[in-house]
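Engineer: Dropping in query24.txt, with compact mmCIF, C-alpha atoms and all ligand atoms.
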```txt
# COMPACT_ATOMS: atom_id res chain seq x y z
CA MET Q 1406 0.00 0.00 0.00
CA ALA Q 1407 1.26 3.50 -0.89
CA ILE Q 1408 -0.03 6.77 0.72
CA THR Q 1409 0.58 10.10 -0.98
CA PRO Q 1410 -0.48 13.57 0.52
CA LEU Q 1411 -2.85 15.40 -1.76
CA ARG Q 1412 -4.27 18.98 -1.71
CA VAL Q 1413 -7.66 19.52 -3.29
CA GLY Q 1414 -8.49 23.23 -3.08
CA GLU Q 1415 -8.11 24.14 0.60
CA LYS Q 1416 -8.33 20.55 1.72
CA GLU Q 1417 -5.43 18.42 2.58
CA LEU Q 1418 -6.09 14.83 1.78
CA ALA Q 1419 -4.19 11.62 1.59
CA LEU Q 1420 -4.29 9.31 -1.38
CA GLY Q 1421 -3.98 5.67 -0.53
CA ILE Q 1422 -3.28 3.14 -3.23
CA LYS Q 1423 -3.72 -0.52 -2.38
CA ARG Q 1424 -2.33 -3.20 -4.62
CA ASP Q 1425 -3.15 -6.88 -4.35
CA ILE Q 1426 0.27 -8.60 -4.23
CA THR Q 1427 -0.95 -12.08 -3.34
CA ALA Q 1428 0.14 -13.42 -6.73
CA ARG Q 1429 3.63 -11.89 -6.45
CA LYS Q 1430 4.01 -13.14 -2.86
CA THR Q 1431 2.97 -16.65 -3.90
CA ALA Q 1432 5.35 -16.55 -6.84
CA GLU Q 1433 8.23 -15.42 -4.61
CA GLU Q 1434 7.47 -18.10 -2.08
CA ALA Q 1435 7.26 -20.72 -4.82
CA LEU Q 1436 10.58 -19.54 -6.19
CA SER Q 1437 12.37 -19.68 -2.88
CA GLU Q 1438 10.80 -23.08 -2.24
CA SER Q 1439 12.01 -24.39 -5.56
CA GLU Q 1440 15.49 -22.91 -4.95
CA GLU Q 1441 15.55 -24.64 -1.59
CA ARG Q 1442 14.55 -27.90 -3.25
CA PHE Q 1443 17.26 -27.42 -5.86
CA ARG Q 1444 19.82 -26.74 -3.12
CA GLN Q 1445 18.90 -29.93 -1.29
CA ILE Q 1446 19.18 -32.01 -4.46
CA PHE Q 1447 22.47 -30.27 -5.28
CA GLU Q 1448 23.90 -30.90 -1.81
CA GLN Q 1449 22.86 -34.51 -1.64
CA ASN Q 1450 23.70 -35.58 -5.17
CA GLN Q 1451 26.09 -38.55 -5.31
CA ASP Q 1452 27.60 -37.11 -8.47
CA ALA Q 1453 29.94 -34.18 -8.21
CA GLN Q 1454 28.22 -30.96 -9.29
CA VAL Q 1455 29.62 -27.49 -9.82
CA ILE Q 1456 27.67 -24.38 -10.77
CA LEU Q 1457 29.48 -22.09 -13.16
CA GLY Q 1458 28.78 -18.60 -14.30
CA CYS Q 1459 27.65 -18.66 -17.88
CA GLY Q 1460 30.18 -17.23 -20.26
CA GLU Q 1461 32.99 -16.75 -17.75
CA CYS Q 1462 33.68 -20.27 -16.63
CA ARG Q 1463 34.25 -19.56 -12.95
CA VAL Q 1464 32.90 -21.72 -10.14
CA ILE Q 1465 29.99 -20.22 -8.22
CA ASP Q 1466 29.28 -23.22 -6.05
CA ALA Q 1467 30.29 -26.89 -5.61
CA ASN Q 1468 28.49 -29.73 -3.84
CA PRO Q 1469 30.08 -32.09 -1.23
CA ALA Q 1470 30.61 -34.84 -3.87
CA ALA Q 1471 32.63 -32.34 -5.95
CA ILE Q 1472 34.63 -31.40 -2.87
CA ALA Q 1473 35.38 -35.11 -2.29
CA LEU Q 1474 36.25 -35.74 -5.96
CA PHE Q 1475 38.50 -32.74 -6.57
CA GLY Q 1476 39.91 -32.28 -3.08
CA TYR Q 1477 39.25 -28.51 -2.86
CA SER Q 1478 37.28 -26.97 0.00
CA ARG Q 1479 34.13 -25.04 -0.91
CA GLU Q 1480 35.91 -21.74 -0.26
CA GLU Q 1481 38.80 -22.74 -2.52
CA PHE Q 1482 36.36 -23.78 -5.23
CA ILE Q 1483 34.55 -20.47 -5.42
CA GLY Q 1484 35.98 -18.28 -8.15
CA MET Q 1485 38.19 -21.06 -9.54
CA GLU Q 1486 38.72 -21.29 -13.30
CA GLU Q 1487 36.74 -24.23 -14.55
CA ALA Q 1488 39.44 -24.98 -17.15
CA ASP Q 1489 41.78 -25.90 -14.25
CA LEU Q 1490 39.30 -28.54 -13.14
CA LEU Q 1491 38.01 -30.09 -16.35
CA GLY Q 1492 40.16 -28.69 -19.15
CA GLU Q 1493 39.71 -26.24 -21.99
CA LYS Q 1494 37.27 -28.36 -24.03
CA VAL Q 1495 34.59 -28.28 -21.33
CA CYS Q 1496 35.35 -24.63 -20.60
CA GLU Q 1497 34.71 -23.67 -24.23
CA LYS Q 1498 31.27 -25.24 -24.01
CA VAL Q 1499 30.48 -23.40 -20.80
CA LYS Q 1500 31.60 -20.11 -22.33
CA THR Q 1501 29.12 -20.57 -25.10
CA GLY Q 1502 26.60 -21.75 -22.52
CA LEU Q 1503 23.90 -19.32 -23.46
CA LYS Q 1504 23.71 -20.67 -26.97
CA LEU Q 1505 23.68 -24.27 -25.84
CA GLN Q 1506 19.95 -24.62 -25.67
CA GLY Q 1507 19.72 -27.49 -23.27
CA GLY Q 1508 23.29 -28.51 -22.54
CA PHE Q 1509 26.33 -30.49 -23.55
CA SER Q 1510 27.99 -33.74 -22.56
CA PHE Q 1511 31.42 -35.31 -22.70
CA GLU Q 1512 31.70 -39.10 -22.47
CA ARG Q 1513 35.18 -38.97 -21.05
CA VAL Q 1514 37.56 -36.19 -20.03
CA ASP Q 1515 40.27 -35.90 -17.41
CA ALA Q 1516 39.45 -34.11 -14.18
CA VAL Q 1517 42.47 -32.62 -12.43
CA ARG Q 1518 42.40 -32.99 -8.64
CA ARG Q 1519 43.93 -30.56 -6.16
CA ASP Q 1520 47.01 -32.82 -5.77
CA GLY Q 1521 47.56 -32.80 -9.55
CA THR Q 1522 46.40 -36.39 -10.11
CA LYS Q 1523 43.87 -37.04 -12.83
CA ALA Q 1524 40.61 -38.95 -12.77
CA ALA Q 1525 38.62 -40.07 -15.80
CA VAL Q 1526 35.14 -38.51 -15.61
CA SER Q 1527 32.09 -37.91 -17.75
CA VAL Q 1528 30.69 -34.36 -17.77
CA ARG Q 1529 27.16 -33.19 -18.44
CA GLY Q 1530 26.33 -29.49 -18.57
CA GLN Q 1531 22.87 -27.93 -18.31
CA VAL Q 1532 21.95 -24.28 -18.58
CA ILE Q 1533 19.86 -23.27 -15.55
CA THR Q 1534 18.39 -20.05 -14.24
CA LEU Q 1535 18.98 -19.28 -10.60
CA ARG Q 1536 17.98 -15.95 -9.02
CA GLN Q 1537 17.32 -14.54 -12.46
CA SER Q 1538 20.85 -15.29 -13.66
CA THR Q 1539 21.78 -17.86 -16.23
CA MET Q 1540 24.33 -20.40 -15.06
CA VAL Q 1541 25.67 -23.79 -16.09
CA LEU Q 1542 25.23 -26.81 -13.83
CA CYS Q 1543 28.03 -29.30 -14.52
CA THR Q 1544 27.52 -32.86 -13.33
CA VAL Q 1545 30.81 -34.74 -13.13
CA ARG Q 1546 30.72 -38.53 -12.77
CA ASP Q 1547 33.87 -40.35 -11.64
CA LEU Q 1548 34.52 -43.24 -14.06
CA THR Q 1549 37.52 -44.76 -12.23
CA GLU Q 1550 35.60 -47.67 -10.72
CA LEU Q 1551 33.67 -48.30 -13.94
CA ILE Q 1552 36.89 -48.40 -15.96
CA ARG Q 1553 38.51 -50.74 -13.41
CA MET Q 1554 35.51 -53.08 -13.65
CA GLU Q 1555 35.61 -52.99 -17.44
CA GLU Q 1556 39.31 -53.81 -17.43
CA GLU Q 1557 38.74 -56.65 -14.99
CA ALA Q 1558 35.94 -58.02 -17.17
CA ARG Q 1559 38.21 -57.84 -20.23
CA TYR Q 1560 41.01 -59.61 -18.32
CA ILE Q 1561 38.68 -62.37 -17.13
CA GLN Q 1562 37.30 -62.78 -20.65
CA ALA Q 1563 40.80 -63.08 -22.11
CA LYS Q 1564 41.63 -65.70 -19.48
CA LEU Q 1565 38.43 -67.63 -20.27
CA ILE Q 1566 39.20 -67.53 -23.98
CA HIS Q 1567 42.69 -68.79 -23.25
CA ALA Q 1568 41.42 -71.59 -21.00
CA ASN Q 1569 38.87 -72.54 -23.63
CA LYS Q 1570 41.55 -72.58 -26.30
CA MET Q 1571 43.75 -74.81 -24.15
CA THR Q 1572 40.85 -77.20 -23.58
CA SER Q 1573 39.99 -77.44 -27.26
CA ILE Q 1574 43.61 -77.84 -28.29
CA GLY Q 1575 43.93 -80.48 -25.58
CA THR Q 1576 40.91 -82.40 -26.88
CA LEU Q 1577 42.21 -82.15 -30.42
CA ALA Q 1578 45.68 -83.22 -29.36
CA SER Q 1579 44.44 -86.26 -27.44
CA GLY Q 1580 42.35 -87.31 -30.46
CA VAL Q 1581 45.36 -87.00 -32.72
CA ALA Q 1582 47.52 -88.84 -30.18
CA HIS Q 1583 45.10 -91.72 -30.17
CA GLU Q 1584 45.07 -91.89 -33.98
CA ILE Q 1585 48.85 -91.82 -34.14
CA ASN Q 1586 49.34 -94.39 -31.42
CA ASN Q 1587 48.24 -97.47 -33.40
CA PRO Q 1588 50.18 -96.95 -36.65
CA ASN Q 1589 53.20 -95.89 -34.61
CA ASN Q 1590 53.08 -99.14 -32.67
CA PHE Q 1591 53.33 -100.98 -36.01
CA ILE Q 1592 56.33 -98.90 -37.02
CA LEU Q 1593 58.08 -99.45 -33.72
CA PHE Q 1594 57.36 -103.16 -33.61
CA ASN Q 1595 58.17 -103.76 -37.29
CA SER Q 1596 61.33 -101.68 -37.36
CA THR Q 1597 62.66 -103.61 -34.35
CA LEU Q 1598 61.78 -106.86 -36.09
CA LEU Q 1599 63.38 -105.70 -39.35
CA SER Q 1600 66.56 -104.71 -37.47
CA ASP Q 1601 66.82 -108.22 -36.10
CA ALA Q 1602 66.04 -109.68 -39.55
CA TRP Q 1603 68.72 -107.52 -41.11
CA LYS Q 1604 71.32 -108.74 -38.62
CA ASP Q 1605 70.60 -112.34 -39.71
CA ALA Q 1606 70.44 -111.49 -43.42
CA ALA Q 1607 73.64 -109.42 -43.20
CA ARG Q 1608 75.65 -112.49 -42.23
CA ILE Q 1609 74.48 -114.34 -45.38
CA LEU Q 1610 74.90 -111.28 -47.61
CA GLU Q 1611 78.39 -110.68 -46.21
CA ARG Q 1612 79.39 -114.21 -47.17
CA TYR Q 1613 77.90 -113.76 -50.64
CA TYR Q 1614 79.79 -110.46 -51.00
CA ARG Q 1615 83.10 -112.05 -50.02
CA ASP Q 1616 82.59 -114.95 -52.50
CA ASN Q 1617 81.17 -113.01 -55.47
CA GLY Q 1618 82.19 -109.36 -55.07
CA ASP Q 1619 79.95 -106.31 -54.83
CA PHE Q 1620 76.32 -106.38 -55.97
CA SER Q 1621 73.45 -103.94 -56.08
CA LEU Q 1622 71.00 -103.58 -53.20
CA GLY Q 1623 68.16 -101.10 -53.61
CA GLY Q 1624 70.09 -99.46 -56.45
CA LEU Q 1625 73.24 -98.93 -54.34
CA PRO Q 1626 76.34 -101.12 -53.96
CA TYR Q 1627 76.10 -103.61 -51.12
CA SER Q 1628 79.46 -102.42 -49.70
CA GLU Q 1629 77.82 -99.06 -48.91
CA MET Q 1630 74.40 -100.39 -47.99
CA SER Q 1631 75.80 -102.78 -45.43
CA GLU Q 1632 76.67 -99.76 -43.31
CA VAL Q 1633 73.71 -97.58 -44.17
CA VAL Q 1634 70.84 -100.05 -43.65
CA PRO Q 1635 71.41 -100.54 -39.87
CA GLU Q 1636 71.49 -96.75 -39.48
CA LEU Q 1637 68.28 -96.35 -41.48
CA LEU Q 1638 66.56 -98.97 -39.40
CA SER Q 1639 67.71 -97.54 -36.08
CA GLY Q 1640 66.67 -94.08 -37.34
CA ILE Q 1641 63.15 -95.42 -37.90
CA THR Q 1642 63.10 -97.04 -34.45
CA ASP Q 1643 64.41 -93.86 -32.74
CA GLY Q 1644 61.95 -91.65 -34.59
CA SER Q 1645 59.12 -93.95 -33.66
CA ARG Q 1646 60.20 -94.01 -29.99
CA ARG Q 1647 60.19 -90.22 -30.04
CA ILE Q 1648 56.65 -90.22 -31.45
CA LYS Q 1649 55.68 -92.66 -28.71
CA GLY Q 1650 57.15 -90.29 -26.08
CA ILE Q 1651 55.12 -87.39 -27.43
CA VAL Q 1652 51.96 -89.46 -27.66
CA ASP Q 1653 52.37 -90.68 -24.06
CA ASN Q 1654 52.90 -87.10 -22.91
CA LEU Q 1655 49.80 -86.03 -24.77
CA LYS Q 1656 47.80 -88.73 -23.09
CA ASP Q 1657 49.00 -87.34 -19.74
CA PHE Q 1658 48.10 -83.87 -20.89
CA SER Q 1659 44.52 -84.71 -21.70
CA ARG Q 1660 43.91 -87.33 -19.07
CA LYS Q 1661 40.64 -86.65 -17.36
CA ASP Q 1662 41.03 -89.01 -14.41
CA LYS Q 1663 41.84 -87.44 -11.09
CA ALA Q 1664 43.94 -90.40 -9.89
CA GLY Q 1665 46.47 -89.47 -7.25
CA LEU Q 1666 44.82 -86.19 -6.37
CA GLU Q 1667 43.15 -87.35 -3.14
CA GLY Q 1668 46.30 -87.30 -1.04
CA SER Q 1669 48.32 -84.35 0.12
CA PHE Q 1670 52.01 -83.60 -0.14
CA ASP Q 1671 54.83 -81.47 1.15
CA VAL Q 1672 55.74 -78.88 -1.49
CA ASN Q 1673 59.34 -78.52 -0.28
CA ARG Q 1674 59.86 -82.25 -0.53
CA ALA Q 1675 58.51 -82.26 -4.10
CA VAL Q 1676 60.87 -79.40 -4.99
CA MET Q 1677 63.88 -81.15 -3.46
CA ALA Q 1678 63.01 -84.41 -5.25
CA SER Q 1679 62.84 -82.58 -8.60
CA VAL Q 1680 66.16 -80.86 -7.95
CA SER Q 1681 67.86 -84.12 -7.09
CA ILE Q 1682 66.50 -85.82 -10.23
CA LEU Q 1683 67.93 -82.93 -12.26
CA SER Q 1684 71.30 -82.70 -10.49
CA ASN Q 1685 73.29 -83.71 -13.60
CA GLN Q 1686 71.50 -81.23 -15.84
CA ILE Q 1687 71.85 -78.47 -13.25
CA ALA Q 1688 75.61 -79.03 -13.00
CA LYS Q 1689 75.85 -78.99 -16.79
CA TYR Q 1690 74.13 -75.60 -17.27
CA THR Q 1691 74.94 -73.45 -14.22
CA ASP Q 1692 77.40 -72.93 -11.38
CA SER Q 1693 74.84 -70.93 -9.48
CA PHE Q 1694 71.73 -72.87 -8.57
CA GLU Q 1695 69.89 -71.90 -5.38
CA VAL Q 1696 67.01 -73.47 -3.54
CA ASP Q 1697 65.25 -71.28 -1.01
CA CYS Q 1698 62.53 -73.26 0.76
CA ALA Q 1699 60.31 -71.46 3.27
CA GLU Q 1700 59.79 -73.27 6.55
CA GLY Q 1701 56.45 -74.36 7.94
CA LEU Q 1702 54.60 -74.53 4.64
CA PRO Q 1703 51.12 -76.02 4.81
CA LYS Q 1704 50.55 -79.17 2.82
CA VAL Q 1705 48.89 -79.07 -0.58
CA LYS Q 1706 46.17 -81.41 -1.75
CA GLY Q 1707 47.01 -83.46 -4.81
CA SER Q 1708 49.83 -85.47 -6.25
CA GLY Q 1709 53.39 -84.59 -5.23
CA GLN Q 1710 54.71 -86.60 -8.16
CA LYS Q 1711 52.78 -84.57 -10.67
CA ILE Q 1712 53.99 -81.33 -9.13
CA GLU Q 1713 57.53 -82.74 -9.31
CA GLN Q 1714 56.98 -83.20 -13.02
CA VAL Q 1715 55.95 -79.55 -13.32
CA VAL Q 1716 58.95 -78.30 -11.33
CA ILE Q 1717 61.23 -80.46 -13.50
CA ASN Q 1718 59.76 -78.90 -16.65
CA LEU Q 1719 60.16 -75.37 -15.28
CA VAL Q 1720 63.72 -75.90 -14.05
CA LEU Q 1721 64.72 -77.53 -17.36
CA ASN Q 1722 63.31 -74.56 -19.28
CA ALA Q 1723 65.17 -72.18 -16.96
CA LEU Q 1724 68.44 -74.08 -17.46
CA HIS Q 1725 67.99 -74.17 -21.24
CA ALA Q 1726 67.51 -70.39 -21.29
CA LEU Q 1727 70.89 -69.64 -19.63
CA ALA Q 1728 73.59 -68.09 -21.82
CA ASP Q 1729 76.49 -69.33 -19.67
CA LYS Q 1730 77.21 -71.08 -16.39
CA LYS Q 1731 77.54 -67.84 -14.42
CA LYS Q 1732 73.84 -67.09 -14.82
CA ARG Q 1733 71.65 -68.03 -11.88
CA VAL Q 1734 68.57 -70.16 -11.37
CA ILE Q 1735 66.67 -69.87 -8.09
CA VAL Q 1736 63.86 -72.11 -6.94
CA ALA Q 1737 61.93 -70.70 -4.02
CA THR Q 1738 58.83 -71.64 -2.04
CA ARG Q 1739 56.69 -69.43 0.17
CA GLN Q 1740 53.16 -69.11 1.50
CA GLU Q 1741 50.68 -66.27 1.61
CA GLU Q 1742 47.02 -66.13 2.58
CA GLY Q 1743 46.21 -69.80 2.26
CA ARG Q 1744 48.25 -70.30 -0.88
CA VAL Q 1745 51.61 -71.92 -1.50
CA PHE Q 1746 53.92 -70.53 -4.18
CA ILE Q 1747 56.74 -72.24 -6.05
CA GLU Q 1748 58.86 -69.85 -8.08
CA VAL Q 1749 61.54 -70.74 -10.60
CA ARG Q 1750 63.56 -67.64 -11.50
CA ASP Q 1751 66.27 -67.58 -14.10
CA GLU Q 1752 68.71 -65.03 -15.48
CA GLY Q 1753 68.25 -66.49 -18.94
CA ALA Q 1754 67.31 -65.12 -22.33
CA GLY Q 1755 63.79 -64.10 -21.28
CA MET Q 1756 60.84 -64.08 -23.64
CA THR Q 1757 59.22 -61.57 -25.95
CA ARG Q 1758 55.51 -60.80 -25.51
CA ASP Q 1759 54.66 -63.02 -28.52
CA VAL Q 1760 56.46 -66.03 -27.08
CA LEU Q 1761 55.06 -65.35 -23.62
CA ASP Q 1762 51.51 -65.38 -24.98
CA ARG Q 1763 52.02 -68.82 -26.48
CA VAL Q 1764 54.24 -70.73 -24.03
CA MET Q 1765 51.47 -72.95 -22.75
CA GLU Q 1766 50.17 -73.99 -26.16
CA PRO Q 1767 50.87 -77.64 -26.90
CA PHE Q 1768 53.71 -78.04 -29.44
CA PHE Q 1769 54.79 -74.42 -29.16
CA THR Q 1770 58.57 -74.51 -28.97
CA THR Q 1771 61.50 -72.34 -29.97
CA LYS Q 1772 63.79 -75.28 -29.31
CA ALA Q 1773 62.78 -77.61 -32.15
CA ASP Q 1774 66.45 -77.92 -33.23
CA LEU Q 1775 67.43 -79.02 -29.74
CA GLY Q 1776 64.72 -81.67 -29.55
CA GLY Q 1777 62.12 -79.56 -27.70
CA THR Q 1778 58.61 -80.91 -28.17
CA GLY Q 1779 56.75 -77.86 -26.86
CA LEU Q 1780 54.73 -80.05 -24.52
CA GLY Q 1781 56.51 -79.29 -21.23
CA LEU Q 1782 54.48 -76.26 -20.28
CA SER Q 1783 51.15 -77.35 -21.72
CA ILE Q 1784 51.34 -80.52 -19.62
CA SER Q 1785 52.47 -78.47 -16.62
CA TYR Q 1786 49.54 -76.11 -17.13
CA SER Q 1787 47.01 -78.93 -17.15
CA ILE Q 1788 48.54 -80.51 -14.03
CA ILE Q 1789 48.44 -77.21 -12.13
CA LYS Q 1790 44.89 -76.60 -13.30
CA GLU Q 1791 43.69 -79.97 -12.00
CA HIS Q 1792 45.24 -79.02 -8.64
CA GLY Q 1793 43.13 -75.86 -8.59
CA GLY Q 1794 46.21 -73.66 -8.96
CA THR Q 1795 47.65 -71.22 -11.47
CA LEU Q 1796 50.83 -71.08 -13.54
CA GLU Q 1797 52.06 -67.61 -14.53
CA PHE Q 1798 55.16 -66.16 -16.13
CA ASP Q 1799 56.93 -62.82 -15.81
CA SER Q 1800 59.61 -62.38 -18.37
CA ALA Q 1801 61.76 -59.69 -19.95
CA PRO Q 1802 64.07 -60.34 -22.90
CA GLY Q 1803 67.71 -60.19 -21.85
CA ILE Q 1804 66.84 -60.15 -18.14
CA GLY Q 1805 65.20 -63.45 -17.33
CA THR Q 1806 62.03 -65.26 -16.49
CA THR Q 1807 60.07 -66.09 -13.36
CA ALA Q 1808 57.64 -68.98 -13.51
CA ARG Q 1809 55.18 -68.92 -10.61
CA ILE Q 1810 53.04 -71.85 -9.50
CA THR Q 1811 50.29 -71.00 -7.02
CA LEU Q 1812 48.56 -73.86 -5.24
CA PRO Q 1813 45.76 -73.72 -2.66
CA ALA Q 1814 47.00 -74.83 0.75
CA GLU Q 1815 45.16 -77.75 2.27
CA ALA Q 1816 42.59 -76.48 4.72
CA GLU Q 1817 43.69 -76.90 8.33
CA GLY Q 1818 42.24 -79.84 10.17
CA LEU Q 1819 41.93 -81.94 7.03
CA GLU Q 1820 45.43 -83.35 7.28
N1 LIG N 1901 62.45 -69.96 -18.56
C1 LIG N 1901 62.30 -69.72 -19.87
N2 LIG N 1901 63.09 -68.79 -20.50
C2 LIG N 1901 62.94 -68.53 -21.80
N3 LIG N 1901 62.03 -69.14 -22.62
C3 LIG N 1901 61.23 -70.06 -22.06
C4 LIG N 1901 61.31 -70.39 -20.66
N4 LIG N 1901 60.36 -71.31 -20.40
C5 LIG N 1901 59.74 -71.56 -21.57
N5 LIG N 1901 60.25 -70.82 -22.57
C6 LIG N 1901 59.78 -70.80 -23.98
O1 LIG N 1901 58.57 -71.51 -24.06
C7 LIG N 1901 58.65 -72.52 -25.04
C8 LIG N 1901 57.74 -73.66 -24.63
O2 LIG N 1901 58.23 -74.31 -23.47
P1 LIG N 1901 57.89 -75.83 -23.22
O3 LIG N 1901 58.54 -76.25 -21.96
O4 LIG N 1901 56.42 -76.02 -23.33
O5 LIG N 1901 58.52 -76.56 -24.47
P2 LIG N 1901 60.05 -76.79 -24.79
O6 LIG N 1901 60.89 -76.53 -23.58
O7 LIG N 1901 60.36 -76.05 -26.02
O8 LIG N 1901 60.04 -78.33 -25.12
P3 LIG N 1901 59.86 -79.56 -24.07
O9 LIG N 1901 58.63 -80.23 -24.53
O10 LIG N 1901 61.08 -80.34 -24.23
O11 LIG N 1901 59.70 -78.96 -22.72
C9 LIG N 1901 60.12 -72.85 -25.12
O12 LIG N 1901 60.45 -73.40 -26.39
C10 LIG N 1901 60.76 -71.48 -24.90
O13 LIG N 1901 60.76 -70.73 -26.08
MG MG N 1902 60.37 -77.36 -21.73
```
Please lay out the structure from this file as structure tokens.
Ligand SMILES: Nc1ncnc2c1ncn2[C@@H]1O[C@H](COP(=O)(O)OP(=O)(O)OP(=O)(O)O)[C@@H](O)[C@H]1O
Ligand SMILES: [Mg+2]

Structural biologist:
Amino acid sequence: MAITPLRVGEKELALGIKRDITARKTAEEALSESEERFRQIFEQNQDAQVILGCGECRVIDANPAAIALFGYSREEFIGMEEADLLGEKVCEKVKTGLKLQGGFSFERVDAVRRDGTKAAVSVRGQVITLRQSTMVLCTVRDLTELIRMEEEARYIQAKLIHANKMTSIGTLASGVAHEINNPNNFILFNSTLLSDAWKDAARILERYYRDNGDFSLGGLPYSEMSEVVPELLSGITDGSRRIKGIVDNLKDFSRKDKAGLEGSFDVNRAVMASVSILSNQIAKYTDSFEVDCAEGLPKVKGSGQKIEQVVINLVLNALHALADKKKRVIVATRQEEGRVFIEVRDEGAGMTRDVLDRVMEPFFTTKADLGGTGLGLSISYSIIKEHGGTLEFDSAPGIGTTARITLPAEAEGLE
């Protein structure tokens, strides 16, 4: 209400003007109510939110989640350049905020925290009007955990694909082994028989040669063939024995039975047994072989003999990788959180990423010339897997390799 003095002729009057402001009052109340509501949502939002002045890119306010994410106090936040928090790209968008008509979003940018570290975040900006001014509300979502989960999922998937590949190669290999076994038995049996037959025939042929001079055998003179044929025959027998060795290994590799896994064994004893079996080989390849067995290891469920086989394979690989006898090989055991570890470390040639990715594939070998079959690690892998453990490698070319077996310790009280 407004009152104004008024003179009409001689009379002094007062003019009162009344205005109905109910609508304005209601509107003001509604506005402050909605601002209060906005403030509560802003304060309690799990996502970090900062309010920026449109066009100038300075922080007007920040919610507690933003304080936690960036590490600045509210006072420090106010007036800060937004570019220092979320980079120039986002700042550009905020500067043109008025023209945005609705907002903007960035799937992934780097947020810079107070201590200089960076966090991957997504940013969504919305133009809002608060107390008759236009501002930009930036919602910043921390993606660190999401990215970690995605990476973990990718890692698990790669492992599953690898395990699946090993299983299918294993099935294929055991099928092939079975097919090869029968014809190879013929070769082995017949070549042995032919060797014996040749020894008998050679005596008669030798006599014939002495009486009548040289003659042709298979297109070559007998005088030459008499020396070559035994070599050919023993070559066939040796080759066939080698095939038999591979086939037997493959049968081990794909064997499904769990025989020998019910017992439990002492890991250190298995390691020492492997080392003593290999003593000749160890002496041949290195002057520096160490065994470092931890005391008081819990027992492990399964077959000690099979684990010996794995340790033998790993130590042999380590020895074969050494450039000279000064290089070291260390076999160590330890325990941690219900698991027992056996590590075989060498100062050998190491492996490139490509080799490392394939070491456990059956028949993968870089030692074909030296008689490597490429079955050592694939068999080791399947043995460790049936014991519920893992077999991993760390390797760097020119530095060396660490093979790590992890086995679950036998639960206490079950011994
Ligand atoms: N400690 C190691 N240092 C360097 N390379 C290694 C090591 N262990 C394994 N490798 C690589 O992995 C390949 C596969 O090993 P794996 O034991 O399966 O077969 P192999 O040793 O070649 O033959 P074998 O069947 O006689 O064991 C090797 O040929 C070698 O290239
Ligand atoms: Mg090997």

Engineer: Neighbours of ligand MG 1902 (chain N) within 7 Å, counting only C-alpha atoms and all ligand atoms, as a PyMOL selection string?

Structural biologist: chain Q and resi 1718-1719+1721-1722+1777+1779-1782

Engineer: Between Q:Ile1804, Q:Ala1726, Q:Leu1548, Q:Ile1422, single out the one closest to ligand LIG 1901 (chain N), counting all atoms listed in the file.

Structural biologist: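 Under the stated criterion, the closest residue is Q:Ala1726.
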
Engineer: Would you pick out the contacts of Glu1486 in chain Q at 9 Å or less, using only C-alpha atoms, so that residues sharing its chain but fewer than 2 positions from it are not included, and give the list as an MDAnalysis selection string?

Structural biologist: chainID Q and resid 1461:1464 1482:1484 1488:1490 1496

Engineer: Please build the interface table for chain Q against ligand LIG 1901 (chain N) with a cut-off of 8 Å, listing for each qualifying residue the nearest atom pair and the distance in Å to one decimal; count all atoms listed in the file, order rows by chain and increasing number, and write it as CSV.

Structural biologist:
```
residue,atom,partner,partner_atom,distance
Q:Asn1718,CA,N:LIG1901,O3,6.1
Q:Leu1719,CA,N:LIG1901,N4,6.5
Q:Val1720,CA,N:LIG1901,N1,7.6
Q:Leu1721,CA,N:LIG1901,O6,7.4
Q:Asn1722,CA,N:LIG1901,N4,4.5
Q:Ala1723,CA,N:LIG1901,N1,3.9
Q:Leu1724,CA,N:LIG1901,N1,7.4
Q:His1725,CA,N:LIG1901,N2,7.3
Q:Ala1726,CA,N:LIG1901,N2,4.8
Q:Leu1727,CA,N:LIG1901,N2,7.9
Q:Arg1750,CA,N:LIG1901,N1,7.5
Q:Asp1751,CA,N:LIG1901,N1,6.3
Q:Gly1753,CA,N:LIG1901,N2,5.9
Q:Ala1754,CA,N:LIG1901,C2,5.6
Q:Gly1755,CA,N:LIG1901,C2,4.5
Q:Met1756,CA,N:LIG1901,C2,5.3
Q:Val1760,CA,N:LIG1901,O13,6.4
Q:Leu1761,CA,N:LIG1901,O1,7.1
Q:Arg1763,CA,N:LIG1901,O1,7.5
Q:Val1764,CA,N:LIG1901,O1,4.4
Q:Met1765,CA,N:LIG1901,O4,5.9
Q:Glu1766,CA,N:LIG1901,O4,7.2
Q:Pro1767,CA,N:LIG1901,O4,6.8
Q:Phe1768,CA,N:LIG1901,O4,7.0
Q:Phe1769,CA,N:LIG1901,C8,5.5
Q:Thr1770,CA,N:LIG1901,O12,3.4
Q:Thr1771,CA,N:LIG1901,O12,3.9
Q:Lys1772,CA,N:LIG1901,O7,4.8
Q:Ala1773,CA,N:LIG1901,O7,6.8
Q:Gly1776,CA,N:LIG1901,O10,6.6
Q:Gly1777,CA,N:LIG1901,O8,3.5
Q:Thr1778,CA,N:LIG1901,O9,3.7
Q:Gly1779,CA,N:LIG1901,O5,3.2
Q:Leu1780,CA,N:LIG1901,O9,3.9
Q:Gly1781,CA,N:LIG1901,O11,3.5
Q:Leu1782,CA,N:LIG1901,O4,3.6
Q:Ser1783,CA,N:LIG1901,O4,5.7
Q:Ile1784,CA,N:LIG1901,O4,7.7
Q:Ser1800,CA,N:LIG1901,N2,7.6
Q:Gly1805,CA,N:LIG1901,N2,6.6
Q:Thr1806,CA,N:LIG1901,N1,5.2
Q:Thr1807,CA,N:LIG1901,N1,6.9
Q:Ala1808,CA,N:LIG1901,N1,7.0
```
